[in-house]
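Peer 1: For reference, this is model.cif, and it has mmCIF, C-alpha atoms and all ligand atoms.
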data_input
loop_
_atom_site.label_atom_id
_atom_site.label_comp_id
_atom_site.auth_asym_id
_atom_site.auth_seq_id
_atom_site.Cartn_x
_atom_site.Cartn_y
_atom_site.Cartn_z
CA MET A 1 0.00 0.00 0.00
CA GLN A 2 1.22 3.50 -0.81
CA VAL A 3 -0.12 6.84 0.36
CA ARG A 4 0.35 9.68 -2.08
CA PHE A 5 -0.08 13.35 -1.22
CA TRP A 6 -1.53 15.39 -4.11
CA GLY A 7 -2.43 18.42 -2.01
CA THR A 8 -1.31 19.28 1.51
CA ARG A 9 -2.17 22.99 1.91
CA VAL A 10 -5.33 24.74 3.05
CA SER A 11 -7.58 26.72 3.46
CA ILE A 12 -6.82 28.16 0.05
CA PRO A 13 -4.29 26.96 -2.56
CA THR A 14 -1.04 28.84 -2.01
CA SER A 15 1.80 28.97 -4.52
CA ILE A 16 5.29 30.27 -3.81
CA THR A 17 6.24 33.48 -5.60
CA ALA A 18 8.98 34.30 -8.12
CA GLY A 19 10.82 36.05 -5.30
CA ASP A 20 10.65 32.93 -3.13
CA VAL A 21 12.14 30.78 -5.91
CA GLN A 22 14.87 33.34 -6.56
CA GLU A 23 15.81 33.38 -2.87
CA LYS A 24 16.11 29.57 -2.85
CA THR A 25 18.33 29.77 -5.95
CA VAL A 26 20.53 32.50 -4.43
CA ASN A 27 20.97 30.54 -1.20
CA ALA A 28 21.76 27.33 -3.11
CA LEU A 29 24.39 29.13 -5.20
CA LEU A 30 25.98 30.56 -2.05
CA ALA A 31 25.99 27.10 -0.42
CA ALA A 32 27.67 25.66 -3.55
CA SER A 33 30.26 28.43 -3.77
CA GLY A 34 33.57 27.09 -5.13
CA ARG A 35 32.18 23.68 -6.04
CA THR A 36 31.83 22.19 -9.51
CA PHE A 37 29.45 19.44 -10.61
CA ALA A 38 30.14 17.02 -13.45
CA ASP A 39 26.45 16.54 -14.28
CA ALA A 40 22.87 16.94 -13.06
CA THR A 41 23.14 13.79 -10.93
CA GLU A 42 26.01 15.26 -8.91
CA ALA A 43 24.23 18.60 -8.61
CA ARG A 44 21.04 16.86 -7.46
CA ALA A 45 22.98 14.84 -4.87
CA PHE A 46 24.44 18.11 -3.57
CA THR A 47 20.98 19.60 -3.11
CA GLU A 48 19.78 16.51 -1.27
CA GLN A 49 22.81 16.21 1.01
CA GLU A 50 23.73 19.82 1.66
CA LEU A 51 20.48 21.78 1.50
CA SER A 52 17.50 21.48 3.80
CA PHE A 53 14.12 20.54 2.33
CA ALA A 54 12.95 24.16 2.44
CA GLY A 55 16.28 25.19 0.81
CA ARG A 56 15.92 22.94 -2.22
CA ALA A 57 12.16 22.36 -2.58
CA THR A 58 8.71 23.44 -1.47
CA TYR A 59 5.94 21.83 0.54
CA GLY A 60 3.58 22.95 -2.19
CA GLY A 61 0.36 24.75 -2.35
CA SER A 62 -2.47 22.52 -3.57
CA SER A 63 -5.35 22.00 -1.16
CA SER A 64 -6.20 18.64 0.44
CA CYS A 65 -6.09 15.51 -1.67
CA VAL A 66 -4.55 12.23 -0.46
CA GLU A 67 -4.59 8.92 -2.33
CA VAL A 68 -4.52 5.49 -0.70
CA ASP A 69 -3.06 3.38 -3.49
CA PRO A 70 -3.17 -0.41 -3.26
CA GLY A 71 -1.22 -0.53 -6.56
CA ALA A 72 -4.00 -2.22 -8.55
CA GLY A 73 -7.78 -2.10 -8.85
CA ASP A 74 -10.04 0.82 -7.96
CA PHE A 75 -8.67 4.25 -7.07
CA ILE A 76 -9.17 5.43 -3.47
CA VAL A 77 -8.90 9.12 -2.67
CA CYS A 78 -9.55 11.29 0.39
CA ASP A 79 -10.89 14.75 -0.44
CA MET A 80 -10.86 16.70 -3.67
CA GLY A 81 -8.98 19.90 -2.98
CA SER A 82 -7.10 21.54 -5.84
CA GLY A 83 -4.59 18.63 -5.73
CA PHE A 84 -7.34 16.46 -7.23
CA ARG A 85 -6.64 17.99 -10.65
CA ALA A 86 -3.08 16.60 -10.74
CA PHE A 87 -4.37 13.28 -9.38
CA GLY A 88 -6.84 13.10 -12.31
CA ILE A 89 -4.07 13.62 -14.85
CA ASP A 90 -2.00 10.84 -13.30
CA ALA A 91 -5.08 8.59 -13.05
CA PHE A 92 -5.46 8.85 -16.86
CA ARG A 93 -1.88 7.56 -17.20
CA ARG A 94 -2.56 4.61 -14.90
CA ILE A 95 -5.90 3.85 -16.60
CA GLY A 96 -3.86 3.62 -19.82
CA GLU A 97 -1.78 0.95 -18.05
CA GLY A 98 -4.87 -1.09 -17.13
CA ARG A 99 -6.38 0.36 -13.94
CA PRO A 100 -10.22 0.33 -13.94
CA LYS A 101 -12.07 3.61 -14.40
CA ARG A 102 -13.55 3.33 -10.92
CA PHE A 103 -12.98 5.91 -8.19
CA ASN A 104 -13.89 5.72 -4.50
CA ILE A 105 -13.72 9.15 -2.90
CA PHE A 106 -13.97 9.64 0.86
CA MET A 107 -14.96 13.14 1.94
CA SER A 108 -13.76 14.55 5.27
CA HIS A 109 -16.27 17.37 4.85
CA LEU A 110 -17.60 19.76 2.25
CA HIS A 111 -15.69 22.97 2.86
CA TRP A 112 -14.59 24.64 -0.33
CA ASP A 113 -10.89 23.80 -0.06
CA HIS A 114 -11.79 20.09 0.04
CA ILE A 115 -14.14 19.99 -2.97
CA MET A 116 -12.77 22.64 -5.35
CA GLY A 117 -10.72 20.17 -7.42
CA PHE A 118 -13.68 18.09 -8.58
CA PRO A 119 -14.72 20.21 -11.62
CA PHE A 120 -11.10 19.99 -12.88
CA CYS A 121 -10.82 16.18 -12.75
CA GLY A 122 -10.64 14.84 -16.31
CA PRO A 123 -11.89 11.28 -15.66
CA ALA A 124 -15.21 12.69 -14.34
CA TYR A 125 -16.06 13.74 -17.92
CA ASP A 126 -15.64 10.19 -19.29
CA PRO A 127 -18.96 8.25 -19.56
CA GLU A 128 -17.09 5.00 -18.81
CA THR A 129 -15.96 6.30 -15.42
CA GLU A 130 -17.73 5.34 -12.18
CA ILE A 131 -17.32 7.60 -9.16
CA ASN A 132 -18.51 6.56 -5.70
CA PHE A 133 -18.58 9.23 -3.02
CA TYR A 134 -18.50 8.18 0.62
CA GLY A 135 -18.92 10.41 3.64
CA GLY A 136 -20.67 11.21 6.87
CA HIS A 137 -22.50 14.23 5.43
CA ALA A 138 -25.93 13.60 3.94
CA ASP A 139 -25.61 16.67 1.69
CA MET A 140 -22.50 15.69 -0.32
CA GLU A 141 -24.36 15.83 -3.65
CA LYS A 142 -25.88 19.23 -2.85
CA ALA A 143 -22.45 20.71 -2.06
CA LEU A 144 -20.88 19.40 -5.28
CA ARG A 145 -23.79 20.54 -7.45
CA ARG A 146 -23.85 23.97 -5.85
CA GLN A 147 -20.20 24.78 -6.57
CA GLN A 148 -20.87 24.16 -10.29
CA GLU A 149 -23.99 26.32 -10.57
CA THR A 150 -23.83 28.89 -13.38
CA ILE A 151 -23.11 31.83 -11.14
CA SER A 152 -19.88 30.18 -9.89
CA PHE A 153 -18.64 27.83 -12.63
CA PRO A 154 -19.18 27.49 -16.40
CA VAL A 155 -19.60 23.69 -16.50
CA PRO A 156 -22.63 22.29 -14.62
CA PHE A 157 -22.41 19.12 -12.53
CA ASP A 158 -24.77 17.32 -14.93
CA PHE A 159 -22.30 17.84 -17.78
CA MET A 160 -19.98 15.39 -16.04
CA ALA A 161 -20.63 12.17 -17.91
CA ALA A 162 -19.34 9.72 -15.28
CA LYS A 163 -21.77 7.53 -13.34
CA ILE A 164 -21.76 9.25 -9.95
CA ASN A 165 -23.12 7.57 -6.80
CA PHE A 166 -23.33 8.89 -3.25
CA HIS A 167 -23.00 6.61 -0.19
CA PRO A 168 -23.69 8.21 3.20
CA LEU A 169 -21.73 6.39 5.94
CA THR A 170 -22.32 6.04 9.69
CA PRO A 171 -19.56 6.29 12.33
CA GLY A 172 -19.11 3.04 14.26
CA GLU A 173 -19.88 0.82 11.27
CA THR A 174 -17.20 -1.04 9.30
CA TYR A 175 -17.46 -0.95 5.51
CA GLU A 176 -15.73 -2.95 2.78
CA VAL A 177 -14.73 -0.77 -0.17
CA ALA A 178 -12.42 -1.95 -2.95
CA GLY A 179 -10.93 -4.66 -0.74
CA HIS A 180 -10.28 -2.27 2.16
CA SER A 181 -11.94 -2.29 5.55
CA VAL A 182 -13.02 1.31 6.23
CA GLN A 183 -14.27 3.00 9.41
CA LEU A 184 -15.04 6.64 10.10
CA ILE A 185 -15.11 8.91 13.13
CA ARG A 186 -16.88 12.23 13.62
CA GLN A 187 -14.51 15.13 14.32
CA TYR A 188 -14.84 18.56 15.94
CA HIS A 189 -14.94 21.08 13.08
CA ASP A 190 -17.39 23.62 11.72
CA ASN A 191 -20.41 21.62 10.42
CA ASP A 192 -18.53 18.42 11.43
CA SER A 193 -15.82 16.53 9.60
CA TYR A 194 -14.98 12.81 9.44
CA GLY A 195 -11.72 10.90 9.74
CA TYR A 196 -11.17 7.56 8.00
CA ARG A 197 -9.26 4.41 8.92
CA PHE A 198 -8.32 2.14 6.00
CA GLU A 199 -6.99 -1.38 6.55
CA LYS A 200 -5.82 -3.97 4.07
CA GLY A 201 -3.37 -6.89 4.23
CA GLY A 202 -2.21 -5.99 7.76
CA LYS A 203 -1.49 -2.35 6.83
CA CYS A 204 -3.40 0.61 8.19
CA VAL A 205 -3.59 4.30 7.31
CA VAL A 206 -5.69 6.94 9.06
CA TYR A 207 -6.73 10.18 7.34
CA SER A 208 -7.80 12.70 9.98
CA THR A 209 -7.90 16.30 8.86
CA ASP A 210 -9.88 19.40 9.81
CA SER A 211 -10.18 18.13 13.35
CA GLU A 212 -9.71 20.06 16.57
CA HIS A 213 -8.89 18.18 19.76
CA LYS A 214 -10.10 19.94 22.88
CA ASP A 215 -8.11 19.82 26.10
CA ASP A 216 -11.20 19.36 28.22
CA ASP A 217 -12.66 16.25 26.58
CA PRO A 218 -10.69 13.11 27.57
CA ASP A 219 -13.46 10.78 26.34
CA ALA A 220 -13.27 12.21 22.82
CA ASP A 221 -9.46 11.93 22.93
CA GLN A 222 -9.71 8.29 23.95
CA ALA A 223 -12.01 7.56 21.00
CA PHE A 224 -9.37 8.99 18.65
CA VAL A 225 -6.55 7.08 20.33
CA GLU A 226 -8.53 3.88 19.67
CA PHE A 227 -9.26 4.99 16.10
CA PHE A 228 -5.51 5.55 15.47
CA ASP A 229 -4.53 2.26 17.19
CA LYS A 230 -1.19 0.93 15.84
CA ALA A 231 -1.69 2.66 12.49
CA ASP A 232 1.26 2.48 10.10
CA LEU A 233 0.56 6.10 9.14
CA VAL A 234 -1.65 8.80 10.65
CA VAL A 235 -2.31 11.83 8.44
CA PHE A 236 -3.14 14.54 10.99
CA ASP A 237 -4.27 18.17 10.88
CA THR A 238 -1.25 20.05 12.31
CA MET A 239 -2.20 23.45 10.95
CA TYR A 240 -1.28 25.45 14.04
CA THR A 241 1.46 25.71 16.60
CA LEU A 242 0.37 24.60 20.07
CA ALA A 243 0.28 28.24 21.27
CA GLU A 244 -1.98 29.28 18.40
CA SER A 245 -4.34 26.35 18.90
CA LEU A 246 -4.77 27.17 22.60
CA THR A 247 -5.20 30.94 22.26
CA MET A 248 -6.55 33.04 19.43
CA LYS A 249 -7.25 30.09 17.09
CA GLU A 250 -9.11 27.98 19.62
CA ASP A 251 -12.39 26.71 18.12
CA TRP A 252 -11.20 27.34 14.57
CA GLY A 253 -11.46 23.59 14.04
CA HIS A 254 -7.81 22.62 13.61
CA SER A 255 -5.02 21.14 15.68
CA SER A 256 -1.25 21.25 16.34
CA GLY A 257 1.84 19.09 15.86
CA MET A 258 2.19 18.50 19.59
CA VAL A 259 -1.35 17.21 20.04
CA ALA A 260 -0.70 14.95 17.01
CA VAL A 261 2.41 13.50 18.67
CA ASP A 262 0.63 12.92 22.00
CA MET A 263 -2.26 11.08 20.36
CA CYS A 264 -0.03 9.01 18.05
CA HIS A 265 2.19 8.02 21.01
CA ARG A 266 -0.85 6.92 23.01
CA ALA A 267 -2.11 4.94 20.00
CA ALA A 268 1.35 3.36 19.34
CA ALA A 269 1.14 4.57 15.74
CA LYS A 270 4.30 4.14 13.65
CA ARG A 271 4.36 7.28 11.52
CA LEU A 272 2.75 10.70 11.63
CA ALA A 273 2.32 12.86 8.53
CA MET A 274 1.87 16.53 9.42
CA PHE A 275 -0.83 17.81 7.08
CA HIS A 276 -3.23 20.65 6.28
CA HIS A 277 -0.56 23.33 6.17
CA GLU A 278 -1.35 26.90 7.12
CA PRO A 279 -1.25 29.14 4.00
CA ILE A 280 0.55 31.90 5.95
CA PHE A 281 3.53 29.59 6.62
CA ASP A 282 6.35 29.81 4.05
CA ASP A 283 8.62 26.80 3.47
CA ALA A 284 11.16 27.83 6.13
CA THR A 285 8.40 28.30 8.73
CA LEU A 286 6.86 24.93 7.88
CA GLU A 287 10.28 23.30 8.14
CA SER A 288 10.82 24.73 11.61
CA HIS A 289 7.25 23.68 12.58
CA HIS A 290 8.28 20.16 11.50
CA GLU A 291 11.57 20.34 13.45
CA ASP A 292 9.78 21.55 16.60
CA THR A 293 7.27 18.71 16.34
CA ALA A 294 10.00 16.08 15.76
CA ARG A 295 11.97 17.46 18.74
CA TYR A 296 8.86 17.30 20.92
CA GLU A 297 8.37 13.68 19.80
CA GLU A 298 11.93 12.83 20.92
CA LEU A 299 11.38 14.47 24.30
CA MET A 300 8.05 12.76 24.92
CA ARG A 301 9.03 9.36 23.50
CA ASP A 302 8.38 6.50 25.83
CA GLU A 303 9.24 3.28 24.05
CA SER A 304 9.22 2.93 20.29
CA ALA A 305 9.83 6.03 18.20
CA LEU A 306 7.15 7.70 16.15
CA GLU A 307 8.52 8.86 12.79
CA VAL A 308 7.34 12.40 12.09
CA LEU A 309 7.01 13.38 8.42
CA CYS A 310 5.89 16.72 7.10
CA ALA A 311 3.73 15.97 4.06
CA TYR A 312 4.35 17.86 0.84
CA ASP A 313 2.69 17.86 -2.58
CA GLY A 314 4.24 14.89 -4.41
CA LEU A 315 5.25 12.87 -1.34
CA THR A 316 4.64 9.11 -1.60
CA VAL A 317 4.87 6.99 1.56
CA ASP A 318 5.30 3.21 1.29
CA LEU A 319 3.58 1.27 4.05
ZN ZN B 401 -12.83 22.75 7.00
ZN ZN B 402 -9.62 22.23 5.40
#
If you took the structure in this file and wrote it as structure tokens, what would it be?
Peer 2:
Amino acid sequence: MQVRFWGTRVSIPTSITAGDVQEKTVNALLAASGRTFADATEARAFTEQELSFAGRATYGGSSSCVEVDPGAGDFIVCDMGSGFRAFGIDAFRRIGEGRPKRFNIFMSHLHWDHIMGFPFCGPAYDPETEINFYGGHADMEKALRRQQETISFPVPFDFMAAKINFHPLTPGETYEVAGHSVQLIRQYHDNDSYGYRFEKGGKCVVYSTDSEHKDDDPDADQAFVEFFDKADLVVFDTMYTLAESLTMKEDWGHSSGMVAVDMCHRAAAKRLAMFHHEPIFDDATLESHHEDTARYEELMRDESALEVLCAYDGLTVDL
């Protein structure tokens, strides 16, 4: 099983500027001062060994879209932020290699940054495509139709030729979808959101975004610890620093890296992917947010280590 990140930013897609790219180039040239490289391979190795992630690359700016890829059979995707467009292009390539034109899409919730990619997904315009939407919200279809009404978008929902089905799900039940066992949990967020736990062949990934964890609700925390139990990867909303999440951004419906570490430790999860990146954070700020969270994990570690990743657009994690 692989987990592929097509969009990791919210609440609005956020690209880096020309000035940002130029600064990265200037800093890389200064770091390489006096060195020569025989070819691109040597130069690339230099960037990987000598420059930090923020120095050589970018976390990216597409909004939430994460694929759970079993490598064959149906596609499984969580959310359709602007990263869903790039997913659709790559899905065409894989369909050309024999994958079925069948998509299973699990919706955390229906906020704009999580649905805006759908009208830009090429396979949805193919009459041979089948798309199954799953989620805890009864009004999934209404939200998707509404964003393509004439006043907001030139192509109406009904122009999409794919066979589109909606499957409302209930927390506490276990569902079988495309060979995966799937459960969901209701999360604290404006108009609710839902986290998903996918299991197949002894591997487990949890997708839990747009979820605030309140200090004063140990029962709710315990339910999440059980939901994350021994997961190979937990994708977690770490939008804020701990200070932000406890002060001015309390009740904004998001969480912090430190809360993520605490819950993953309690659940004995193996890896944490920091996700749902704050659009105000530039690459250097996100990198230090990652370093702070990893340092906190080391300090709080009890027995086995939790690996802390900071997700970026284009990251693939093998489970
Ligand atoms: Zn939201
Ligand atoms: Zn969001």
Peer 1: Which residues are near ligand ZN 402 (chain B) - at most 9 Å, using only C-alpha atoms and all ligand atoms? Format: as a PDB file with C-alpha atoms, in the coordinates of the input.
Peer 2:
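After the write, out_39.pdb holds the following:
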ATOM      1  CA  ARG A   9      -2.170  22.990   1.910  1.00  0.00           C
ATOM      2  CA  VAL A  10      -5.330  24.740   3.050  1.00  0.00           C
ATOM      3  CA  SER A  11      -7.580  26.720   3.460  1.00  0.00           C
ATOM      4  CA  ILE A  12      -6.820  28.160   0.050  1.00  0.00           C
ATOM      5  CA  SER A  63      -5.350  22.000  -1.160  1.00  0.00           C
ATOM      6  CA  SER A  64      -6.200  18.640   0.440  1.00  0.00           C
ATOM      7  CA  GLY A  81      -8.980  19.900  -2.980  1.00  0.00           C
ATOM      8  CA  SER A 108     -13.760  14.550   5.270  1.00  0.00           C
ATOM      9  CA  HIS A 109     -16.270  17.370   4.850  1.00  0.00           C
ATOM     10  CA  LEU A 110     -17.600  19.760   2.250  1.00  0.00           C
ATOM     11  CA  HIS A 111     -15.690  22.970   2.860  1.00  0.00           C
ATOM     12  CA  TRP A 112     -14.590  24.640  -0.330  1.00  0.00           C
ATOM     13  CA  ASP A 113     -10.890  23.800  -0.060  1.00  0.00           C
ATOM     14  CA  HIS A 114     -11.790  20.090   0.040  1.00  0.00           C
ATOM     15  CA  THR A 209      -7.900  16.300   8.860  1.00  0.00           C
ATOM     16  CA  ASP A 210      -9.880  19.400   9.810  1.00  0.00           C
ATOM     17  CA  SER A 211     -10.180  18.130  13.350  1.00  0.00           C
ATOM     18  CA  ASP A 237      -4.270  18.170  10.880  1.00  0.00           C
ATOM     19  CA  GLY A 253     -11.460  23.590  14.040  1.00  0.00           C
ATOM     20  CA  HIS A 254      -7.810  22.620  13.610  1.00  0.00           C
ATOM     21  CA  HIS A 276      -3.230  20.650   6.280  1.00  0.00           C
TER      22      HIS A 276
END
Peer 1: Which one is closest to ligand ZN 401 (chain B): A:Asp221, A:Asp318, A:Asp74, A:Asp79? Count all atoms listed in the file.
Peer 2: A:Asp79
Peer 1: Using 10 Å as the limit and counting only C-alpha atoms, can you tabulate each residue of stretch 177-269 of chain A that touches stretch 289-304 of chain A, with its shortest atom-to-atom distance in Å and the two atoms involved, as a Markdown table?
Peer 2:
| residue | atom | partner | partner_atom | distance |
| --- | --- | --- | --- | --- |
| A:Thr238 | CA | A:His289 | CA | 9.2 |
| A:Met239 | CA | A:His289 | CA | 9.6 |
| A:Tyr240 | CA | A:His289 | CA | 8.8 |
| A:Thr241 | CA | A:His289 | CA | 7.3 |
| A:Leu242 | CA | A:Thr293 | CA | 9.8 |
| A:Ser256 | CA | A:Thr293 | CA | 8.9 |
| A:Gly257 | CA | A:Thr293 | CA | 5.5 |
| A:Met258 | CA | A:Thr293 | CA | 6.0 |
| A:Val259 | CA | A:Thr293 | CA | 9.5 |
| A:Ala260 | CA | A:Thr293 | CA | 8.8 |
| A:Val261 | CA | A:Glu297 | CA | 6.1 |
| A:Asp262 | CA | A:Met300 | CA | 8.0 |
| A:Cys264 | CA | A:Glu297 | CA | 9.8 |
| A:His265 | CA | A:Arg301 | CA | 7.4 |
| A:Arg266 | CA | A:Asp302 | CA | 9.7 |
| A:Ala268 | CA | A:Ser304 | CA | 7.9 |
| A:Ala269 | CA | A:Ser304 | CA | 9.4 |
Peer 1: For a quick check of understanding, using all atoms listed in the file, which of A:Phe153, A:His167, A:Met107, A:Asp283 has the smallest distance to ligand ZN 401 (chain B)?
Peer 2: A:Met107
Peer 1: How many Å separate atom CA of A:Ala91 from atom CA of A:Ala161?
Peer 2: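 That distance, rounded to one decimal, is 16.7 Å.
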Peer 1: With all atoms listed in the file counted, which protein, DNA or RNA residues have an atom no more than 8 Å from (2.7, -3.6, -0.8) in the file frame? Please answer as an MDAnalysis selection string.
Peer 2: chainID A and resid 1:2 70:71 318:319
Peer 1: With C-alpha atoms retained, write the just-selected residues as a PDB file, in the frame of the given file.
Peer 2:
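Produced file result_37.pdb, reproduced below:
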ATOM      1  CA  MET A   1       0.000   0.000   0.000  1.00  0.00           C
ATOM      2  CA  GLN A   2       1.220   3.500  -0.810  1.00  0.00           C
ATOM      3  CA  PRO A  70      -3.170  -0.410  -3.260  1.00  0.00           C
ATOM      4  CA  GLY A  71      -1.220  -0.530  -6.560  1.00  0.00           C
ATOM      5  CA  ASP A 318       5.300   3.210   1.290  1.00  0.00           C
ATOM      6  CA  LEU A 319       3.580   1.270   4.050  1.00  0.00           C
TER       7      LEU A 319
END
Peer 1: Once you count only C-alpha atoms, which residues end up no further than 8 Å from (-2.7, 15.5, -7.8) in the file's frame, shown as a list in words?
Peer 2: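 Those residues lying close to the given coordinates are Phe5, Trp6, Gly7, Cys65, Ser82, Gly83, Phe84, Arg85, Ala86, Phe87, Gly88, Ile89, Asp90, Asp313 and Gly314 of chain A.
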Peer 1: What's the separation between atom CA of A:Thr17 and atom CA of A:Leu29, in Å to one decimal place?
Peer 2: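 Interatomic distance here is 18.7 Å.
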Peer 1: Would you list the contacts of A:Asn165 as a PyMOL selection string, taking every protein, DNA or RNA residue within 10 Å and counting all atoms listed in the file, but skipping same-chain residues closer than 4 positions in sequence?
Peer 2: chain A and resi 104+130-134+141
Peer 1: Go ahead and save the picked residues with C-alpha atoms, as a tab-separated table (two decimals), in the coordinates of the input.
Peer 2:
chain	number	residue	atom	x	y	z
A	104	ASN	CA	-13.89	5.72	-4.50
A	130	GLU	CA	-17.73	5.34	-12.18
A	131	ILE	CA	-17.32	7.60	-9.16
A	132	ASN	CA	-18.51	6.56	-5.70
A	133	PHE	CA	-18.58	9.23	-3.02
A	134	TYR	CA	-18.50	8.18	0.62
A	141	GLU	CA	-24.36	15.83	-3.65
Peer 1: Axis-aligned box over every listed atom of stretch 270-285 of chain A, padded by 6 Å per side: centre and edges in Å to one decimal, as JSON?
Peer 2:
{"center_x": 4.0, "center_y": 18.0, "center_z": 8.6, "size_x": 26.4, "size_y": 39.8, "size_z": 22.2}
Peer 1: Check the smallest atom-to-atom distance from each of A:Met80, A:Ala31, A:Ile280, A:Cys204 to A:Val182 using all atoms listed in the file, then report the winner.
Peer 2: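 Residue with the minimum atom-to-atom distance to A:Val182: A:Cys204.
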Peer 1: Can you tell me which residues surround A:Arg145 at a distance of at most 12 Å, considering only C-alpha atoms, apart from same-chain residues fewer than 6 positions away, and format the answer as a PyMOL selection string?
Peer 2: chain A and resi 110+115-116+118-119+139+151-153+155-160+164
Peer 1: Using all atoms listed in the file, find the one residue out of A:Lys142, A:Arg44, A:Lys230, A:His189 that sits nearest to ligand ZN 401 (chain B).
Peer 2: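 Smallest distance to ligand ZN 401 (chain B) is found for A:His189.
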Peer 1: Tell me which of A:Leu309, A:Leu184, A:Val26, A:Ala267 sits closest to A:Tyr59, counting all atoms listed in the file.
Peer 2: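 Going through A:Leu309, A:Leu184, A:Val26, A:Ala267 one by one, the smallest distance to A:Tyr59 is for A:Leu309.
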Peer 1: Would you mind telling me which residue in A:Phe120, A:Phe75, A:Phe236, A:Tyr196 lies nearest to A:Gly135 when using only C-alpha atoms?
Peer 2: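 Smallest separation from A:Gly135 among the options: A:Tyr196.
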Peer 1: For a test of reading the model, state the distance in Å between atom CA of A:Val206 and atom CA of A:Ala162, rounded to one decimal.
Peer 2: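 Pair atom CA of A:Val206 / atom CA of A:Ala162 returns 28.0 Å.
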